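Let me begin by presenting the structure, written as structure tokens, before commenting on it.
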Amino acid sequence: LWLKANADITVKNVTFSGTDGVSGCAAVRLEDASSKLALESCSFNDNKTSGNGAAIVLTAGTMRVSDCIFLGNTASSGSALYVNGESASISIADSRFEANVADGEDDEMCAGAVLLIGDDGGSVSFTDTKFYDNGCLLGSNILNAGIIRVLADGQSLFFDNCVFDGNYSNRSKQNNNACASVLQSRSESSFYFNACEFRNNTSGTGHGSGVYGG
């Protein structure tokens with residue numbers, strides 16, 4: 001599913017499973033600032049790509065996700081959601097990210113479930129969302145994260161009543177080290193957590209078994 005100019009689409013009760021993208025998005029791509037996409041009660045299972053974003057790639061526009069499952073997706077980074085655009089707006093509620101994996105072999109920007117690159121005031125919110133057993137495998141750089149990595153300035157991330165359980169970030173090849181199992185950032189962005197739970201998250205031999213910034 002590839003959305004371009006002036007799209008306004010709602011997708012309900014659809015399963016995206018087993019897609020294979022050679023160098024980019026395997027299931028859904030949104031890339032127009034005027035476009036809107038709503039995903040309701042959808043599942044993204046076992047999608048893979050040799051690039052970033054096996055389930056969803058967002059380079060522009062507005063996306064709303066509710067009651068969706070992201071399970072077992074695999075990519076170089078951002079296996080469930082890869083965001084690379086200015087002022088992208090994303091809201092995710094009542095959803096689950098589980099066992100999404102980034103191999104990180106060819107991309108030092110390793111993040112198991114979500115990778116954010118874009119700048120200029122992007123906003124991402126997670127409400128009543130669960131993150132279970134997502135991870136970044138052996139990467140090429142110390143700066144990796146089990147779930148989310150933020151690379152650019154100006155992002156705002158909001159987490160309300162979320163659960164982070166069993167997520168991991170393994171050692172990197174260059175540094176024999178690893179960063180955050182949940183969220184890693186070295187950018188000038190803002191992060192807000194309210195009523196969230198962190199359990200059983202691990203970070204190889206490195207820094208920040210939950211959140212790392214520096």
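By convention here, the chains of the structure tokens are called A, B, ... in the order presented, each chain's residues are numbered starting at 1, and ligands are numbered starting at 1 in the order presented.
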Per-residue nearest contacts of range 42-78 of chain A to range 8-31 of chain A (9 Å; only C-alpha atoms) as CSV:
```
residue,atom,partner,partner_atom,distance
A:Cys42,CA,A:Asn13,CA,4.9
A:Ser43,CA,A:Thr15,CA,4.6
A:Phe44,CA,A:Phe16,CA,4.8
A:Asn45,CA,A:Ser17,CA,4.7
A:Asp46,CA,A:Gly18,CA,5.2
A:Asn47,CA,A:Gly18,CA,4.7
A:Lys48,CA,A:Asp20,CA,5.0
A:Thr49,CA,A:Gly21,CA,4.4
A:Ser50,CA,A:Ser23,CA,5.1
A:Gly51,CA,A:Ser23,CA,4.4
A:Asn52,CA,A:Gly24,CA,5.5
A:Gly53,CA,A:Cys25,CA,5.1
A:Ala54,CA,A:Ala26,CA,4.9
A:Ala55,CA,A:Ala27,CA,5.0
A:Ile56,CA,A:Val28,CA,4.8
A:Val57,CA,A:Arg29,CA,4.8
A:Leu58,CA,A:Leu30,CA,4.9
A:Thr59,CA,A:Glu31,CA,4.7
A:Ala60,CA,A:Glu31,CA,4.7
A:Gly61,CA,A:Glu31,CA,6.5
A:Thr62,CA,A:Leu30,CA,8.5
A:Met63,CA,A:Leu30,CA,8.4
A:Cys68,CA,A:Asn13,CA,8.9
A:Asn73,CA,A:Gly18,CA,8.9
A:Ala75,CA,A:Gly24,CA,8.8
```
Non-local contacts of Thr127 in chain A (12 Å; only C-alpha atoms; under 3 positions in same chain excluded) as a ChimeraX atom specification: /A:64-67,90-96,124,130-131,157-163,192-196
Okay, now the selection with N, CA and C atoms, as a compact mmCIF listing (two decimals), in the first residue's frame?
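Once written, again.txt looks like this:
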```txt
# COMPACT_ATOMS: atom_id res chain seq x y z
N ARG A 64 -2.60 7.83 11.91
CA ARG A 64 -3.24 7.45 13.18
C ARG A 64 -3.37 5.94 13.21
N VAL A 65 -2.89 5.34 14.29
CA VAL A 65 -2.91 3.88 14.44
C VAL A 65 -3.66 3.54 15.72
N SER A 66 -4.64 2.65 15.62
CA SER A 66 -5.38 2.24 16.81
C SER A 66 -5.68 0.75 16.76
N ASP A 67 -5.48 0.09 17.89
CA ASP A 67 -5.80 -1.33 18.05
C ASP A 67 -5.11 -2.18 16.99
N ILE A 90 2.28 11.47 14.11
CA ILE A 90 1.89 10.07 14.29
C ILE A 90 1.27 9.90 15.67
N SER A 91 0.10 9.26 15.73
CA SER A 91 -0.49 8.90 17.02
C SER A 91 -0.82 7.41 17.00
N ILE A 92 -0.36 6.72 18.02
CA ILE A 92 -0.55 5.27 18.13
C ILE A 92 -1.19 4.96 19.47
N ALA A 93 -2.31 4.23 19.45
CA ALA A 93 -3.04 3.94 20.68
C ALA A 93 -3.52 2.49 20.70
N ASP A 94 -3.57 1.93 21.91
CA ASP A 94 -4.14 0.59 22.13
C ASP A 94 -3.53 -0.44 21.19
N SER A 95 -2.23 -0.36 20.99
CA SER A 95 -1.56 -1.24 20.05
C SER A 95 -0.45 -2.03 20.73
N ARG A 96 0.12 -2.98 19.99
CA ARG A 96 1.16 -3.83 20.56
C ARG A 96 2.29 -4.02 19.56
N VAL A 124 5.29 12.34 17.80
CA VAL A 124 4.85 10.96 17.86
C VAL A 124 4.31 10.69 19.25
N LYS A 130 1.75 -1.45 24.20
CA LYS A 130 2.65 -2.40 24.82
C LYS A 130 3.81 -2.71 23.87
N PHE A 131 5.02 -2.80 24.47
CA PHE A 131 6.23 -3.16 23.73
C PHE A 131 6.86 -4.38 24.39
N LEU A 157 8.23 13.19 21.60
CA LEU A 157 7.67 11.86 21.78
C LEU A 157 6.93 11.81 23.10
N PHE A 158 5.71 11.27 23.06
CA PHE A 158 4.86 11.19 24.23
C PHE A 158 4.47 9.73 24.47
N PHE A 159 4.63 9.27 25.72
CA PHE A 159 4.27 7.92 26.10
C PHE A 159 3.32 7.99 27.30
N ASP A 160 2.12 7.52 27.13
CA ASP A 160 1.12 7.58 28.20
C ASP A 160 0.58 6.18 28.46
N ASN A 161 0.81 5.71 29.69
CA ASN A 161 0.30 4.40 30.11
C ASN A 161 0.79 3.28 29.20
N CYS A 162 2.08 3.28 28.93
CA CYS A 162 2.70 2.26 28.07
C CYS A 162 3.48 1.25 28.91
N VAL A 163 3.68 0.06 28.37
CA VAL A 163 4.45 -0.99 29.04
C VAL A 163 5.61 -1.40 28.15
N TYR A 192 8.41 12.53 26.85
CA TYR A 192 7.50 12.64 28.00
C TYR A 192 6.91 11.26 28.29
N PHE A 193 7.11 10.81 29.54
CA PHE A 193 6.57 9.52 29.97
C PHE A 193 5.58 9.75 31.11
N ASN A 194 4.41 9.16 31.00
CA ASN A 194 3.40 9.26 32.06
C ASN A 194 2.82 7.88 32.35
N ALA A 195 2.92 7.46 33.59
CA ALA A 195 2.31 6.21 34.05
C ALA A 195 2.75 5.01 33.20
N CYS A 196 4.05 4.94 32.91
CA CYS A 196 4.59 3.84 32.11
C CYS A 196 5.31 2.83 33.00
```
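When CA of Tyr82 in chain A is paired with CA of Val114 in chain A, their separation reads 5.8 Å.
Atom to atom, CA of Leu3 in chain A and CA of Gly72 in chain A stand 23.8 Å apart.
The residue that comes closest to Ser203 in chain A, out of A:Ser190, A:Asn100, A:Asn134, A:Ser35 and on the basis of only C-alpha atoms, is A:Asn134.
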Strand (DSSP E) positions in range 7-120 of chain A, given as a PyMOL selection string: chain A and resi 8-12+15-17+20-21+28-40+43-45+48-49+56-66+69-71+74-75+81-83+89-93+96-98+101-102+114-116
Coordinates-based distance that separates CA of Gly135 in chain A from CA of Ala80 in chain A (Å, one decimal):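 It comes out at 11.3 Å.
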Residues within 8 Å of Leu115 in chain A, please, as a CSV table (one decimal) with all heavy atoms, in the first residue's frame. Count only C-alpha atoms; anything in the same chain fewer than 3 positions from it doesn't count.
```
chain,number,residue,atom,x,y,z
A,77,SER,N,16.7,-1.6,10.3
A,77,SER,CA,16.4,-0.8,11.4
A,77,SER,C,14.9,-0.3,11.3
A,77,SER,O,14.3,-0.3,10.2
A,77,SER,CB,17.3,0.5,11.5
A,77,SER,OG,17.1,1.1,12.8
A,78,GLY,N,14.3,0.0,12.5
A,78,GLY,CA,12.9,0.4,12.4
A,78,GLY,C,12.0,-0.6,11.8
A,78,GLY,O,11.2,-0.3,10.9
A,81,LEU,N,8.2,0.5,12.3
A,81,LEU,CA,7.9,1.9,11.9
A,81,LEU,C,9.2,2.7,11.7
A,81,LEU,O,10.1,2.8,12.6
A,81,LEU,CB,7.1,2.6,12.9
A,81,LEU,CG,6.8,4.1,12.7
A,81,LEU,CD1,6.0,4.3,11.4
A,81,LEU,CD2,6.0,4.6,13.9
A,82,TYR,N,9.4,3.2,10.4
A,82,TYR,CA,10.5,4.0,10.1
A,82,TYR,C,10.0,5.4,9.6
A,82,TYR,O,9.3,5.5,8.7
A,82,TYR,CB,11.3,3.3,9.0
A,82,TYR,CG,12.5,4.1,8.4
A,82,TYR,CD1,13.6,4.4,9.1
A,82,TYR,CD2,12.4,4.6,7.1
A,82,TYR,CE1,14.6,5.1,8.6
A,82,TYR,CE2,13.5,5.3,6.5
A,82,TYR,CZ,14.6,5.6,7.3
A,82,TYR,OH,15.6,6.3,6.7
A,83,VAL,N,10.5,6.4,10.3
A,83,VAL,CA,10.0,7.8,10.0
A,83,VAL,C,11.2,8.6,9.6
A,83,VAL,O,12.2,8.8,10.3
A,83,VAL,CB,9.4,8.4,11.3
A,83,VAL,CG1,8.8,9.8,10.9
A,83,VAL,CG2,8.3,7.6,11.8
A,109,MET,N,22.4,2.8,12.3
A,109,MET,CA,21.2,3.5,12.9
A,109,MET,C,20.2,2.4,13.4
A,109,MET,O,19.1,2.3,12.9
A,109,MET,CB,20.5,4.4,12.0
A,109,MET,CG,21.5,5.5,11.4
A,109,MET,SD,20.7,6.6,10.2
A,109,MET,CE,20.2,5.4,8.9
A,110,CYS,N,20.6,1.6,14.3
A,110,CYS,CA,19.9,0.4,14.6
A,110,CYS,C,18.8,0.6,15.7
A,110,CYS,O,19.1,1.1,16.8
A,110,CYS,CB,20.8,-0.7,15.1
A,110,CYS,SG,20.0,-2.3,15.4
A,111,ALA,N,17.6,0.3,15.4
A,111,ALA,CA,16.5,0.4,16.3
A,111,ALA,C,15.5,-0.8,16.0
A,111,ALA,O,15.1,-0.9,14.9
A,111,ALA,CB,15.8,1.7,16.3
A,112,GLY,N,15.2,-1.5,17.0
A,112,GLY,CA,14.4,-2.7,16.8
A,112,GLY,C,13.0,-2.5,16.2
A,112,GLY,O,12.6,-3.1,15.3
A,148,ILE,N,13.3,2.2,20.2
A,148,ILE,CA,13.3,3.5,19.5
A,148,ILE,C,14.6,4.2,19.5
A,148,ILE,O,15.3,4.3,20.5
A,148,ILE,CB,12.2,4.4,20.2
A,148,ILE,CG1,10.8,3.8,20.1
A,148,ILE,CG2,12.2,5.8,19.5
A,148,ILE,CD1,9.8,4.5,20.9
A,149,ARG,N,15.0,4.7,18.3
A,149,ARG,CA,16.2,5.5,18.3
A,149,ARG,C,15.8,6.8,17.5
A,149,ARG,O,15.2,6.8,16.5
A,149,ARG,CB,17.3,4.9,17.5
A,149,ARG,CG,18.6,5.7,17.6
A,149,ARG,CD,19.8,5.1,17.0
A,149,ARG,NE,20.9,6.0,17.1
A,149,ARG,CZ,22.0,6.0,16.4
A,149,ARG,NH1,22.1,5.1,15.4
A,149,ARG,NH2,23.0,6.9,16.5
A,150,VAL,N,16.2,8.0,18.1
A,150,VAL,CA,15.9,9.3,17.6
A,150,VAL,C,17.3,9.9,17.1
A,150,VAL,O,18.2,10.1,17.9
A,150,VAL,CB,15.3,10.2,18.6
A,150,VAL,CG1,14.9,11.6,18.0
A,150,VAL,CG2,14.0,9.5,19.1
```
